[in-house]
Amino acid sequence: MISILSQMWLFFWRDLSIARTYRTVFVVEAVEALFGAATFYYIGRFVDSPGLQQALPQGGTYFAYSLIGFVFLDYLNAALETFDHSLQEARDSGTLEHLLVTQTSLPVFVAGSALYPFVATTLRIAVYLLWSAALFGFPLRSANWLSVGVILLASLLAFSGLGILSSSYLLVFKRGNPAKWFVLGITSIVGGTLFPISTLPDWLQVIARLNPVTYALDATRAALLSGASLATLWRPIATLLLFAAILLPLSLSAFAWAVRRTKTTGTLTHS
């Protein structure tokens, strides 16, 4: 276990060292977060109405509802992009083949490559929430942070399976998986990101219940806006862990198969 954690730390330190050479990026992203928070605040002021507030699960403002949906899409996008980017970068730099022939296992390689991007995404989302709380009245005082942390961890495990499947496609076909844009598009409509799924037709609500983002968002909003405890949120958390238990082994098996196939065909390092 110590060896695995050490290897994952090395992946994280590698990505952090690269990121530190582009310091202005952090400033730009912080300013972008302010603009994004302001955008949703003023959209919320425009669309808030008694009828809409009754449709919101926590009965809060549309600003708070939509902002959580927006930043959670950032997590999903990170899960879908991180593994592809790490794989492409390692292949372009000529280190991919060396990494895959070392004693580093595939799960450690995948988890280590994802560690820094997910930490960076978490910090970016924290900046969004801080801007929103400081300038636009986003309610953070009632949040249950233990519940939020557990939900984020369960969500990342569930989302990562989709990202690893995408990187498997990239490894074999040398191009990004167009299905990930389909996943993001579907999620923006039926994931409950910008409006409650209760406003959708019944058949779309069925699709929404097959999407892990739906459960992640419902639980996150309850934890952030209502201070819901882990005991209250056990059902969506268990559902997210079930998604992870299905998707992660499936995606790791697909990635291992893709590595074996590219080694056999001699196309592992081909772009």
# chains A, B, ... in the order shown; residues from 1 in each chain; ligands from 1

call {"tool": "residues_around", "arguments": {"residues": "range 226-229 of chain A", "least_positions_apart": "6", "cutoff": "9 Å", "atoms": "only C-alpha atoms", "output": "list in words"}}
result
Gln58, Arg141, Ser142, Ala143, Asn144, Trp145, Leu146, Ser147, Ala219 and Thr220 of chain A

call {"tool": "residues_around", "arguments": {"residues": "Ile197 in chain A", "least_positions_apart": "5", "cutoff": "12 Å", "atoms": "only C-alpha atoms", "output": "VMD selection string"}}
result
chain A and resid 55 to 57 187 to 192 202 to 209 211 213 to 215 217 to 218

call {"tool": "atom_distance", "arguments": {"atom1": "CA of Ser167 in chain A", "atom2": "CA of Asp84 in chain A"}}
result
4.8 Å

call {"tool": "residues_around", "arguments": {"residues": "Ala154 in chain A", "least_positions_apart": "5", "cutoff": "7 Å", "atoms": "only C-alpha atoms", "output": "PyMOL selection string"}}
result
chain A and resi 237+240-241

call {"tool": "atom_distance", "arguments": {"atom1": "CA of Ala120 in chain A", "atom2": "CA of Ile68 in chain A"}}
result
17.2 Å

call {"tool": "closest_residue", "arguments": {"among": "A:Val150, A:Leu156, A:Leu115, A:Leu224", "to": "Phe138 in chain A", "atoms": "only C-alpha atoms"}}
result
A:Leu224

call {"tool": "atom_distance", "arguments": {"atom1": "CA of Ala158 in chain A", "atom2": "CA of Leu194 in chain A"}}
result
20.8 Å

call {"tool": "residues_around", "arguments": {"residues": "Tyr65 in chain A", "least_positions_apart": "2", "cutoff": "8 Å", "atoms": "only C-alpha atoms", "output": "NGL selection string"}}
result
:A and (56 or 60-63 or 67-69 or 193-195 or 221)

call {"tool": "closest_residue", "arguments": {"among": "A:Pro212, A:Pro139, A:Gly161, A:Pro117", "to": "His85 in chain A", "atoms": "only C-alpha atoms"}}
result
A:Pro117

call {"tool": "closest_atom_pairs", "arguments": {"of": "range 118-213 of chain A", "to": "range 246-257 of chain A", "cutoff": "12 Å", "atoms": "only C-alpha atoms", "output": "Markdown table"}}
result
| residue | atom | partner | partner_atom | distance |
| --- | --- | --- | --- | --- |
| A:Ala154 | CA | A:Leu248 | CA | 11.9 |
| A:Ser155 | CA | A:Leu247 | CA | 11.9 |
| A:Leu156 | CA | A:Leu248 | CA | 10.7 |
| A:Leu157 | CA | A:Leu248 | CA | 7.5 |
| A:Ala158 | CA | A:Leu247 | CA | 6.8 |
| A:Phe159 | CA | A:Leu247 | CA | 8.4 |
| A:Ser160 | CA | A:Leu248 | CA | 7.2 |
| A:Gly161 | CA | A:Leu248 | CA | 4.6 |
| A:Leu162 | CA | A:Leu247 | CA | 7.1 |
| A:Gly163 | CA | A:Ser251 | CA | 8.3 |
| A:Ile164 | CA | A:Ser251 | CA | 5.6 |
| A:Leu165 | CA | A:Ser251 | CA | 5.0 |
| A:Ser166 | CA | A:Ser251 | CA | 8.7 |
| A:Ser167 | CA | A:Phe255 | CA | 7.4 |
| A:Ser168 | CA | A:Phe255 | CA | 4.8 |
| A:Tyr169 | CA | A:Phe255 | CA | 8.3 |
| A:Leu170 | CA | A:Phe255 | CA | 9.9 |
| A:Leu171 | CA | A:Phe255 | CA | 8.2 |
| A:Val172 | CA | A:Phe255 | CA | 9.4 |
| A:Pro212 | CA | A:Leu247 | CA | 10.9 |

call {"tool": "closest_residue", "arguments": {"among": "A:Ala258, A:Val108, A:Leu123, A:Ala216", "to": "Arg235 in chain A", "atoms": "only C-alpha atoms"}}
result
A:Ala216

call {"tool": "select_by_dssp", "arguments": {"residues": "range 60-270 of chain A", "states": "helix (DSSP H, G or I)", "output": "ChimeraX atom specification"}}
result
/A:62-93,96-100,106-136,145-173,179-190,197-199,202-208,212-226,234-265
